[in-house]
$ cat input_5.cif   # mmCIF, C-alpha atoms
data_data
loop_
_atom_site.label_atom_id
_atom_site.label_comp_id
_atom_site.auth_asym_id
_atom_site.auth_seq_id
_atom_site.Cartn_x
_atom_site.Cartn_y
_atom_site.Cartn_z
CA MET A 914 169.40 149.86 97.15
CA LYS A 915 167.18 152.58 95.75
CA LEU A 916 167.77 155.57 93.53
CA ILE A 917 166.23 158.53 95.30
CA CYS A 918 165.37 162.12 94.49
CA LYS A 919 166.07 164.58 97.28
CA LYS A 920 162.96 166.56 96.31
CA CYS A 921 160.42 163.85 95.55
CA SER A 922 161.28 160.59 97.31
CA GLU A 923 160.05 161.76 100.73
CA MET A 924 156.68 162.86 99.39
CA PRO A 925 153.75 160.62 100.46
CA GLY A 926 152.73 158.03 97.89
CA VAL A 927 155.75 158.52 95.65
CA GLY A 928 157.09 155.19 94.42
CA ILE A 929 159.89 154.51 91.96
CA VAL A 930 161.38 157.75 90.62
CA ASP A 931 163.96 156.26 88.28
CA GLY A 932 163.37 155.53 84.61
CA PRO A 933 165.11 154.76 81.31
CA ASN A 934 167.11 157.99 81.33
CA GLU A 935 170.44 159.28 82.63
CA TRP A 936 169.44 158.76 86.29
CA LEU A 937 167.11 161.75 86.47
CA CYS A 938 163.94 161.88 88.55
CA THR A 939 160.92 161.01 86.40
CA ARG A 940 158.85 163.59 88.35
CA CYS A 941 161.07 166.69 88.55
CA GLY A 942 164.14 165.95 86.43
CA GLU A 943 166.65 166.33 89.27
CA ALA A 944 169.64 163.98 89.49
CA LEU A 945 169.08 160.76 91.43
CA THR A 946 171.46 159.40 94.05
CA PRO A 947 171.90 155.85 95.40
CA SER A 948 170.55 155.23 98.89
CA LEU A 949 172.63 152.52 100.56
CA ASP A 950 172.27 150.70 103.85
CA ASP A 951 175.34 150.54 106.09
CA LEU A 952 176.01 146.84 105.63
CA ARG A 953 179.47 146.35 107.18
CA SER A 954 179.88 142.66 106.30
CA TRP A 955 179.50 140.74 103.06
CA ALA A 956 177.43 138.13 104.88
CA ASP A 957 174.79 140.82 105.45
CA ALA A 958 175.13 142.25 101.94
CA VAL A 959 174.61 139.21 99.71
CA SER A 960 171.53 137.14 98.94
CA ASP A 961 171.02 133.49 98.00
CA THR A 962 169.98 134.44 94.46
CA PRO A 963 172.68 133.22 92.06
CA GLY A 964 174.85 135.41 89.89
CA VAL A 965 174.02 139.12 89.69
CA GLY A 966 171.14 138.58 92.12
CA ARG A 967 173.69 137.88 94.88
CA TYR A 968 174.32 141.65 94.96
CA ALA A 969 170.69 142.79 94.78
CA ALA A 970 171.03 144.85 97.99
CA LEU A 971 173.69 146.93 96.22
CA LEU A 972 171.84 147.36 92.92
CA PRO A 973 168.76 149.52 92.10
CA VAL A 974 166.38 146.60 91.50
CA SER A 975 163.43 145.75 93.75
CA GLU A 976 163.12 142.00 93.03
CA PRO A 977 166.36 139.98 93.47
CA ASP A 978 164.98 136.93 91.67
CA ASN A 979 164.76 138.90 88.43
CA LEU A 980 168.56 139.24 88.58
CA ARG A 981 169.24 135.50 88.44
CA SER A 982 172.24 134.69 86.26
CA ASN A 983 175.01 132.10 86.11
CA GLU A 984 176.73 131.90 89.48
CA LYS A 985 180.03 130.62 88.06
CA ALA A 986 180.52 133.75 85.95
CA LEU A 987 181.14 135.90 89.07
CA LEU A 988 183.42 133.42 90.86
CA PRO A 989 187.09 134.32 90.22
CA VAL A 990 189.36 131.38 89.37
CA GLU A 991 193.08 131.37 90.24
CA SER A 992 195.58 130.55 87.48
CA PRO A 993 199.13 129.98 88.75
CA ARG A 994 200.16 129.13 85.18
CA LEU A 995 199.16 132.56 83.85
CA ALA A 996 200.70 134.29 86.87
CA GLU A 997 204.01 132.56 86.14
CA ALA A 998 203.82 133.59 82.49
CA LEU A 999 203.39 137.23 83.50
CA GLY A 1000 205.86 137.14 86.41
CA VAL A 1001 203.30 138.41 88.93
CA ALA A 1002 202.05 137.27 92.34
CA SER A 1003 198.67 136.06 91.12
CA VAL A 1004 196.22 136.03 88.22
CA ARG A 1005 192.53 135.44 88.85
CA LEU A 1006 190.18 135.03 85.92
CA LEU A 1007 186.61 136.32 86.17
CA PRO A 1008 185.00 133.77 83.80
CA GLN A 1009 182.25 135.79 82.18
CA THR A 1010 182.02 133.25 79.37
CA TRP A 1011 180.03 131.10 81.81
CA ASN A 1012 177.15 133.58 81.53
CA ASP A 1013 174.08 132.23 79.76
CA THR A 1014 174.78 134.15 76.55
CA GLY A 1015 178.53 133.89 76.92
CA THR A 1016 179.85 137.42 77.62
CA PHE A 1017 179.98 140.03 80.36
CA LYS A 1018 177.08 141.84 78.68
CA ASP A 1019 174.78 139.46 80.60
CA ASN A 1020 175.27 141.55 83.74
CA GLU A 1021 173.85 144.53 81.88
CA GLY A 1022 171.14 142.52 80.13
CA VAL A 1023 169.73 140.91 83.27
CA LEU A 1024 169.69 144.25 85.13
CA LEU A 1025 168.04 146.20 82.30
CA ALA A 1026 165.41 143.50 81.85
CA ALA A 1027 164.58 143.67 85.57
CA LYS A 1028 164.31 147.46 85.41
CA CYS A 1029 162.10 147.40 82.29
CA LEU A 1030 159.74 145.07 84.15
CA GLU A 1031 159.63 147.55 87.06
CA TRP A 1032 158.95 150.42 84.67
CA GLY A 1033 156.07 148.53 83.06
CA VAL A 1034 157.76 148.44 79.65
CA SER A 1035 156.51 145.69 77.34
CA SER A 1036 158.58 146.33 74.19
CA VAL A 1037 162.12 147.63 73.71
CA CYS A 1038 164.55 148.04 70.84
CA MET A 1039 168.27 148.70 70.63
CA HIS A 1040 171.33 148.35 68.43
CA SER A 1041 174.63 146.65 69.07
CA SER A 1042 177.59 144.99 67.42
CA GLY A 1043 176.24 141.61 68.55
CA ASN A 1044 176.88 140.55 72.14
CA THR A 1045 174.62 143.09 73.82
CA ALA A 1046 171.80 142.25 71.39
CA ARG A 1047 172.11 138.57 72.24
CA SER A 1048 172.06 139.31 75.98
CA TYR A 1049 169.11 141.72 75.89
CA GLN A 1050 167.12 139.34 73.68
CA TYR A 1051 167.61 136.49 76.16
CA TYR A 1052 166.90 138.29 79.43
CA MET A 1053 164.07 140.47 78.11
CA ASP A 1054 162.30 137.43 76.68
CA ARG A 1055 162.75 135.60 79.99
CA LEU A 1056 160.69 138.29 81.72
CA GLY A 1057 158.07 138.53 78.96
CA ILE A 1058 159.40 141.73 77.37
CA THR A 1059 159.73 141.88 73.59
CA CYS A 1060 163.19 142.99 72.44
CA THR A 1061 164.01 143.89 68.84
CA ALA A 1062 167.75 144.31 68.33
CA PHE A 1063 169.53 145.62 65.24
CA VAL A 1064 173.10 144.58 64.41
CA PRO A 1065 175.37 145.16 61.40
CA GLU A 1066 175.24 142.23 58.97
CA ALA A 1067 178.99 141.69 59.33
CA SER A 1068 178.69 140.90 63.04
CA ALA A 1069 175.28 139.17 62.96
CA TYR A 1070 177.07 135.82 63.34
CA LYS A 1071 177.41 136.78 67.02
CA CYS A 1072 173.65 136.13 67.32
CA PRO A 1073 173.01 132.59 66.03
CA THR A 1074 169.49 132.53 67.52
CA ARG A 1075 167.68 135.26 65.59
CA LEU A 1076 164.26 134.58 67.15
CA MET A 1077 163.61 133.84 70.82
CA GLY A 1078 159.92 133.96 71.76
CA LYS A 1079 158.80 137.32 70.37
CA SER A 1080 162.29 138.82 70.62
CA ARG A 1081 164.41 138.95 67.50
CA VAL A 1082 167.77 140.09 66.19
CA VAL A 1083 167.68 141.92 62.84
CA PRO A 1084 170.84 142.14 60.65
CA VAL A 1085 171.26 145.55 58.98
CA PRO A 1086 173.44 146.30 55.93
CA GLY A 1087 176.24 148.73 56.77
CA ASN A 1088 177.91 149.69 60.03
CA MET A 1089 176.93 150.54 63.60
CA ALA A 1090 175.53 153.92 62.58
CA ASP A 1091 173.16 152.16 60.18
CA ALA A 1092 172.08 149.76 62.93
CA ALA A 1093 171.41 152.76 65.19
CA ASP A 1094 169.31 154.42 62.49
CA ALA A 1095 167.28 151.22 62.11
CA ALA A 1096 166.60 151.11 65.87
CA ILE A 1097 165.53 154.77 65.89
CA ALA A 1098 163.14 154.18 62.99
CA TYR A 1099 161.70 151.06 64.63
CA SER A 1100 161.12 152.92 67.90
CA LYS A 1101 159.24 155.70 66.12
CA GLU A 1102 157.11 153.34 64.05
CA HIS A 1103 156.27 150.74 66.71
CA GLY A 1104 156.48 152.70 69.96
CA ALA A 1105 159.16 150.42 71.43
CA LEU A 1106 161.37 151.99 74.09
CA ARG A 1107 164.84 152.51 72.61
CA LEU A 1108 167.46 151.62 75.19
CA THR A 1109 170.45 153.99 75.06
CA PRO A 1110 171.16 155.66 78.47
CA SER A 1111 174.80 155.31 79.43
CA GLN A 1112 174.14 155.39 83.19
CA TRP A 1113 172.30 152.08 82.96
CA LYS A 1114 175.03 150.60 80.77
CA ILE A 1115 177.60 151.59 83.41
CA GLU A 1116 175.37 150.22 86.16
CA GLY A 1117 175.15 146.97 84.23
CA LYS A 1118 178.87 146.38 84.83
CA ALA A 1119 178.74 147.20 88.57
CA PRO A 1120 178.16 143.52 89.53
CA LEU A 1121 181.66 142.70 88.28
CA GLY A 1122 183.11 145.34 90.59
CA LEU A 1123 181.04 144.02 93.49
CA ALA A 1124 182.28 140.48 92.84
CA ILE A 1125 185.88 141.69 92.72
CA ALA A 1126 185.36 143.71 95.92
CA GLU A 1127 183.94 140.68 97.74
CA ARG A 1128 186.32 138.00 96.50
CA CYS A 1129 189.51 139.77 95.34
CA ALA A 1130 189.98 142.59 97.84
CA ASP A 1131 193.78 142.28 97.53
CA ALA A 1132 193.76 142.95 93.75
CA THR A 1133 196.14 145.62 92.49
CA ILE A 1134 195.23 145.50 88.78
CA VAL A 1135 191.96 144.87 86.97
CA ALA A 1136 192.55 143.97 83.31
CA VAL A 1137 189.83 144.02 80.66
CA THR A 1138 189.38 144.65 76.95
CA ILE A 1139 187.34 147.77 76.14
CA ALA A 1140 185.43 149.40 73.32
CA SER A 1141 183.79 152.55 74.77
CA GLY A 1142 184.97 151.81 78.32
CA TYR A 1143 181.65 150.99 80.00
CA GLY A 1144 183.27 147.89 81.51
CA PRO A 1145 185.87 149.56 83.75
CA LEU A 1146 183.51 152.46 84.51
CA GLY A 1147 180.98 149.99 85.91
CA ILE A 1148 183.59 147.87 87.67
CA GLU A 1149 184.93 150.93 89.45
CA ARG A 1150 181.39 151.97 90.37
CA GLY A 1151 180.81 148.54 91.96
CA ILE A 1152 184.06 148.71 93.93
CA ARG A 1153 183.30 152.20 95.22
CA ARG A 1154 179.72 151.27 96.07
CA ALA A 1155 180.90 148.37 98.22
CA ARG A 1156 183.23 150.78 100.00
CA ALA A 1157 180.42 153.33 100.46
CA ALA A 1158 178.25 150.64 102.06
CA GLY A 1159 180.94 150.03 104.66
CA LEU A 1160 182.02 146.71 103.15
CA PRO A 1161 185.56 145.37 102.92
CA ALA A 1162 186.58 146.19 99.35
CA VAL A 1163 189.53 146.58 97.01
CA GLY A 1164 192.25 148.92 98.26
CA GLU A 1165 194.62 150.87 96.03
CA HIS A 1166 194.32 149.54 92.50
CA THR A 1167 194.57 150.47 88.86
CA TYR A 1168 193.32 149.25 85.49
CA HIS A 1169 195.09 147.84 82.46
CA LEU A 1170 192.67 148.38 79.58
CA PHE A 1171 193.26 146.96 76.14
CA GLN A 1172 191.91 147.69 72.70
CA ALA A 1173 192.50 145.99 69.38
CA SER A 1174 194.95 148.06 67.35
CA ASP A 1175 192.24 148.83 64.78
CA ALA A 1176 189.82 149.91 67.54
CA GLY A 1177 192.10 152.16 69.57
CA LEU A 1178 190.36 155.48 69.01
CA LEU A 1179 189.43 155.99 72.66
CA GLY A 1180 192.98 155.43 73.93
CA ALA A 1181 194.45 157.60 71.17
CA ALA A 1182 192.07 160.45 71.99
CA LEU A 1183 193.08 160.32 75.66
CA ARG A 1184 196.79 160.26 74.88
CA ASP A 1185 196.40 163.15 72.43
CA GLY A 1186 194.27 165.20 74.85
CA ARG A 1187 191.35 165.39 72.40
CA ASN A 1188 187.80 166.04 73.60
CA GLU A 1189 186.10 164.45 70.61
CA ILE A 1190 186.58 161.40 68.43
CA ASP A 1191 185.86 161.51 64.71
CA LEU A 1192 183.41 158.65 64.20
CA GLY A 1193 184.40 158.56 60.54
CA ASP A 1194 187.70 157.00 61.66
CA MET A 1195 185.97 153.90 63.01
CA VAL A 1196 186.66 150.63 61.20
CA PRO A 1197 183.60 149.02 59.54
CA PRO A 1198 182.71 145.68 61.22
CA GLU A 1199 183.41 143.64 58.10
CA LYS A 1200 187.08 144.72 58.26
CA ALA A 1201 187.58 144.74 62.03
CA PHE A 1202 189.89 142.36 63.90
CA GLU A 1203 187.09 141.95 66.46
CA PRO A 1204 183.73 143.46 65.35
CA THR A 1205 182.28 143.78 68.87
CA LEU A 1206 184.96 146.35 69.74
CA GLN A 1207 183.71 148.87 67.21
CA SER A 1208 181.81 151.21 69.52
CA THR A 1209 178.77 153.21 68.48
CA ASN A 1210 179.83 156.47 70.10
CA PRO A 1211 182.91 156.59 72.33
CA ASN A 1212 182.46 160.36 72.71
CA ARG A 1213 179.79 159.66 75.34
CA THR A 1214 182.27 157.89 77.61
CA LEU A 1215 185.45 159.79 76.71
CA PRO A 1216 185.28 162.30 79.63
CA LEU A 1217 184.32 159.56 82.08
CA VAL A 1218 187.21 157.33 81.06
CA ARG A 1219 189.55 160.33 81.21
CA GLN A 1220 188.46 160.84 84.82
CA LEU A 1221 188.97 157.16 85.61
CA VAL A 1222 192.51 157.32 84.20
CA ALA A 1223 193.26 160.42 86.30
CA GLU A 1224 191.88 158.90 89.51
CA THR A 1225 193.32 155.38 89.23
CA GLY A 1226 196.38 155.75 86.99
CA ALA A 1227 194.79 153.38 84.48
CA ARG A 1228 196.62 152.50 81.27
CA ILE A 1229 194.96 152.09 77.87
CA ASP A 1230 197.04 150.22 75.32
CA SER A 1231 196.45 148.65 71.94
CA ALA A 1232 197.24 144.99 71.38
CA ASP A 1233 198.72 144.04 68.03
CA PRO A 1234 196.76 141.27 66.26
CA SER A 1235 199.91 139.22 65.64
CA ARG A 1236 200.72 139.33 69.36
CA VAL A 1237 197.15 138.40 70.26
CA GLU A 1238 197.25 135.40 67.94
CA ALA A 1239 200.66 134.28 69.18
CA GLU A 1240 199.63 134.38 72.84
CA ALA A 1241 196.20 132.76 72.34
CA PRO A 1242 197.28 129.09 72.76
CA LEU A 1243 198.49 129.65 76.34
CA LEU A 1244 195.19 131.24 77.38
CA ILE A 1245 193.23 128.48 75.64
CA ASP A 1246 195.20 125.79 77.51
CA ALA A 1247 194.96 127.57 80.86
CA CYS A 1248 191.20 128.07 80.48
CA ALA A 1249 190.75 124.42 79.48
CA GLU A 1250 192.52 123.36 82.70
CA LEU A 1251 190.17 125.60 84.70
CA ASP A 1252 187.00 124.61 82.80
CA ILE A 1253 186.47 128.13 81.45
CA PRO A 1254 184.88 128.13 77.97
CA VAL A 1255 186.67 130.22 75.34
CA ASP A 1256 186.75 130.16 71.54
CA TYR A 1257 189.21 132.30 69.61
CA GLU A 1258 187.27 132.09 66.35
CA THR A 1259 183.97 133.15 67.98
CA GLU A 1260 185.38 136.24 69.63
CA LYS A 1261 188.81 137.63 70.42
CA SER A 1262 188.03 140.02 73.30
CA ALA A 1263 189.48 137.85 76.09
CA PHE A 1264 192.50 137.04 73.91
CA ILE A 1265 193.14 140.74 73.26
CA CYS A 1266 193.28 141.27 77.03
CA TRP A 1267 195.68 138.37 77.52
CA GLY A 1268 197.89 139.44 74.60
CA GLY A 1269 197.89 142.96 76.05
CA LEU A 1270 198.98 141.67 79.46
CA ARG A 1271 201.83 139.69 77.91
CA GLN A 1272 202.79 142.84 76.05
CA ALA A 1273 202.68 144.82 79.31
CA ALA A 1274 204.85 142.25 81.08
CA GLY A 1275 207.45 142.43 78.31
CA SER A 1276 207.47 146.24 78.51
CA GLY A 1277 208.04 146.29 82.28
CA HIS A 1278 204.57 147.57 83.16
CA LEU A 1279 203.87 144.73 85.61
CA ALA A 1280 205.56 144.14 88.97
CA PRO A 1281 206.30 140.82 90.74
CA SER A 1282 203.95 141.88 93.56
CA ASP A 1283 200.98 142.59 91.28
CA ARG A 1284 197.76 140.66 91.85
CA ILE A 1285 195.75 140.77 88.64
CA VAL A 1286 192.05 140.15 88.06
CA MET A 1287 191.51 139.54 84.36
CA VAL A 1288 187.94 139.75 83.10
CA VAL A 1289 187.35 136.98 80.55
CA SER A 1290 184.76 139.19 78.93
CA GLY A 1291 183.65 137.00 76.06
CA SER A 1292 184.67 134.21 73.71
CA THR A 1293 182.36 131.31 74.55
CA PRO A 1294 181.71 128.68 71.85
CA HIS A 1295 178.42 129.11 69.97
CA SER A 1296 177.47 125.54 70.85
CA ARG A 1297 176.87 126.73 74.43
CA LEU A 1298 174.51 129.58 73.51
CA PRO A 1299 170.72 129.45 74.04
#
$ encode --input "input_5.cif" --output "structure tokens"
Amino acid sequence: MKLICKKCSEMPGVGIVDGPNEWLCTRCGEALTPSLDDLRSWADAVSDTPGVGRYAALLPVSEPDNLRSNEKALLPVESPRLAEALGVASVRLLPQTWNDTGTFKDNEGVLLAAKCLEWGVSSVCMHSSGNTARSYQYYMDRLGITCTAFVPEASAYKCPTRLMGKSRVVPVPGNMADAADAAIAYSKEHGALRLTPSQWKIEGKAPLGLAIAERCADATIVAVTIASGYGPLGIERGIRRARAAGLPAVGEHTYHLFQASDAGLLGAALRDGRNEIDLGDMVPPEKAFEPTLQSTNPNRTLPLVRQLVAETGARIDSADPSRVEAEAPLLIDACAELDIPVDYETEKSAFICWGGLRQAAGSGHLAPSDRIVMVVSGSTPHSRLP
């Protein structure tokens, strides 16, 4: 798949027209659009490259091998035990904790690293609450690109390997805004490309939607924990892209999206009909139930998530910490039976999703006919990390 410009892509000698921006042509500034082959069957659509690389024909990357990631992370696993607990037809877990750095941010990290190599970028910087920094550090370094990531001190424990080759993670006193300021200053001083465009963050979650479209076409609900909502935005993009390529894909479906109760600003803004979120209301990482869910700027995704809710009937609910903790043992046991690594103390994102689903079942928001795909977005033990 290529991103093309209707004005420039047909001109002789014009090569790649995408760049590290909001999908605008690097020559004329016009919006880019995906150019897809009519594939018709999944056998024609997928490659032998493991993980994200399997879907290279449906992603805007020229070299599939640069998209290599853990194959097991995109293979849904059925859990009759969890389906029985929810009273639904089926529950399939998408075990993103099998990714090399342990969360679903690896899909984004491996894709952005591949694109930076295409763009000829040698040094990047960014800020994150932890998981994204760990992922970018790993995949950028793998392709010989130096990544300098800034994270709040309170969530720096998410990145136990501070130095990997020339790529490093730098703890910053304060909150996410302070980490962002540090990345901006570093970019200005050292000339490193600061990675911020939301279109590429959304695209980085499209492989999950492609995997669901290929392997769970009968799904009626996709469940995932969110911060800013890039996850479901990318998943839906992947599902729709498969459909646009003529592939068998997911039919009518919706999303159950969960936030920690102290990180529910996005859901509250949607319910209240607000167009802007006061960033001063965000909980500092050192006080948060799960630090990785404290988004940098949910205002960027607010209108996009509002559209997703309108088009799919998605729900956004907060999960109470006491409910999350009470329901954790069942998920831990079920994942152990299925050989899916999780660790409640390392990260609570997957447990927030499960606690939210149990909450939804108790409130009558799930039906016996529902077929749920739950994204186990992150919680792998640190002992498994590179």
$ atom_distance --input "input_5.cif" --atom1 "CA of Gly932 (chain A)" --atom2 "CA of Ser1100 (chain A)"
17.1 Å
$ atom_distance --input "input_5.cif" --atom1 "CA of Trp1113 (chain A)" --atom2 "CA of Leu1270 (chain A)"
28.9 Å
$ closest_residue --input "input_5.cif" --among "A:Lys1200, A:His1169, A:Lys1261, A:Arg1187" --to "Arg1228 (chain A)" --atoms "only C-alpha atoms"
A:His1169
$ resolve_selection --input "input_5.cif" --expression "the PyMOL selection byres ((chain A and resi 946) around 6)" --output "ChimeraX atom specification"
/A:916-917,945,947
$ resolve_selection --input "input_5.cif" --expression "the PyMOL selection byres ((chain A and resi 1283-1287) around 8)" --output "list in words"
Pro989, Val1001, Ala1002, Ser1003, Val1004, Arg1005, Leu1006, Leu1007, Ile1125, Cys1129, Asp1131, Ala1132, Thr1133, Ile1134, Val1135, Ala1136, Val1137, Cys1266, Leu1279, Ala1280, Pro1281, Ser1282, Val1288 and Val1289 of chain A
$ residues_around --input "input_5.cif" --residues "Gly1151 (chain A)" --least-positions-apart "2" --cutoff "6 Å" --atoms "only C-alpha atoms" --output "ChimeraX atom specification"
/A:1119,1122-1123,1148-1149,1153-1154
$ residues_near_point --input "input_5.cif" --point "(190.2, 140.4, 76.7)" --cutoff "10 Å" --atoms "only C-alpha atoms" --output "compact mmCIF listing (two decimals) with C-alpha atoms, in the frame of the given file"
# COMPACT_ATOMS: atom_id res chain seq x y z
CA ALA A 1136 192.55 143.97 83.31
CA VAL A 1137 189.83 144.02 80.66
CA THR A 1138 189.38 144.65 76.95
CA ILE A 1139 187.34 147.77 76.14
CA LEU A 1170 192.67 148.38 79.58
CA PHE A 1171 193.26 146.96 76.14
CA GLN A 1172 191.91 147.69 72.70
CA ALA A 1173 192.50 145.99 69.38
CA ALA A 1232 197.24 144.99 71.38
CA VAL A 1237 197.15 138.40 70.26
CA GLU A 1260 185.38 136.24 69.63
CA LYS A 1261 188.81 137.63 70.42
CA SER A 1262 188.03 140.02 73.30
CA ALA A 1263 189.48 137.85 76.09
CA PHE A 1264 192.50 137.04 73.91
CA ILE A 1265 193.14 140.74 73.26
CA CYS A 1266 193.28 141.27 77.03
CA TRP A 1267 195.68 138.37 77.52
CA GLY A 1268 197.89 139.44 74.60
CA GLY A 1269 197.89 142.96 76.05
CA LEU A 1270 198.98 141.67 79.46
CA MET A 1287 191.51 139.54 84.36
CA VAL A 1288 187.94 139.75 83.10
CA VAL A 1289 187.35 136.98 80.55
CA SER A 1290 184.76 139.19 78.93
CA GLY A 1291 183.65 137.00 76.06
CA SER A 1292 184.67 134.21 73.71
$ closest_residue --input "input_5.cif" --among "A:Arg1150, A:Arg1213, A:Arg981, A:Arg1271" --to "Leu1192 (chain A)" --atoms "only C-alpha atoms"
A:Arg1213
$ residues_near_point --input "input_5.cif" --point "(175.3, 150.7, 103.5)" --cutoff "8 Å" --atoms "all atoms listed in the file" --output "PyMOL selection string"
chain A and resi 949-953+1157-1160
$ write_last_selection --input "input_5.cif" --atoms "C-alpha atoms" --output "compact mmCIF listing (two decimals), in the frame of the given file"
# COMPACT_ATOMS: atom_id res chain seq x y z
CA LEU A 949 172.63 152.52 100.56
CA ASP A 950 172.27 150.70 103.85
CA ASP A 951 175.34 150.54 106.09
CA LEU A 952 176.01 146.84 105.63
CA ARG A 953 179.47 146.35 107.18
CA ALA A 1157 180.42 153.33 100.46
CA ALA A 1158 178.25 150.64 102.06
CA GLY A 1159 180.94 150.03 104.66
CA LEU A 1160 182.02 146.71 103.15
$ closest_residue --input "input_5.cif" --among "A:Ser1042, A:Thr1293, A:Thr962, A:Gln1112" --to "Asn979 (chain A)" --atoms "all atoms listed in the file"
A:Thr962
$ resolve_selection --input "input_5.cif" --expression "the PyMOL selection byres ((chain A and resi 919-930) around 9)" --output "list in words"
Lys915, Leu916, Ile917, Cys918, Asp931, Gly932, Leu937, Cys938, Thr939, Arg940, Cys941, Glu943, Ala944, Leu945, Thr946, Glu1031 and Trp1032 of chain A
$ residues_around --input "input_5.cif" --residues "Leu1146 (chain A)" --least-positions-apart "4" --cutoff "8 Å" --atoms "only C-alpha atoms" --output "list in words"
Ile1115, Lys1118, Gly1142, Arg1150, Leu1217, Val1218 and Leu1221 of chain A
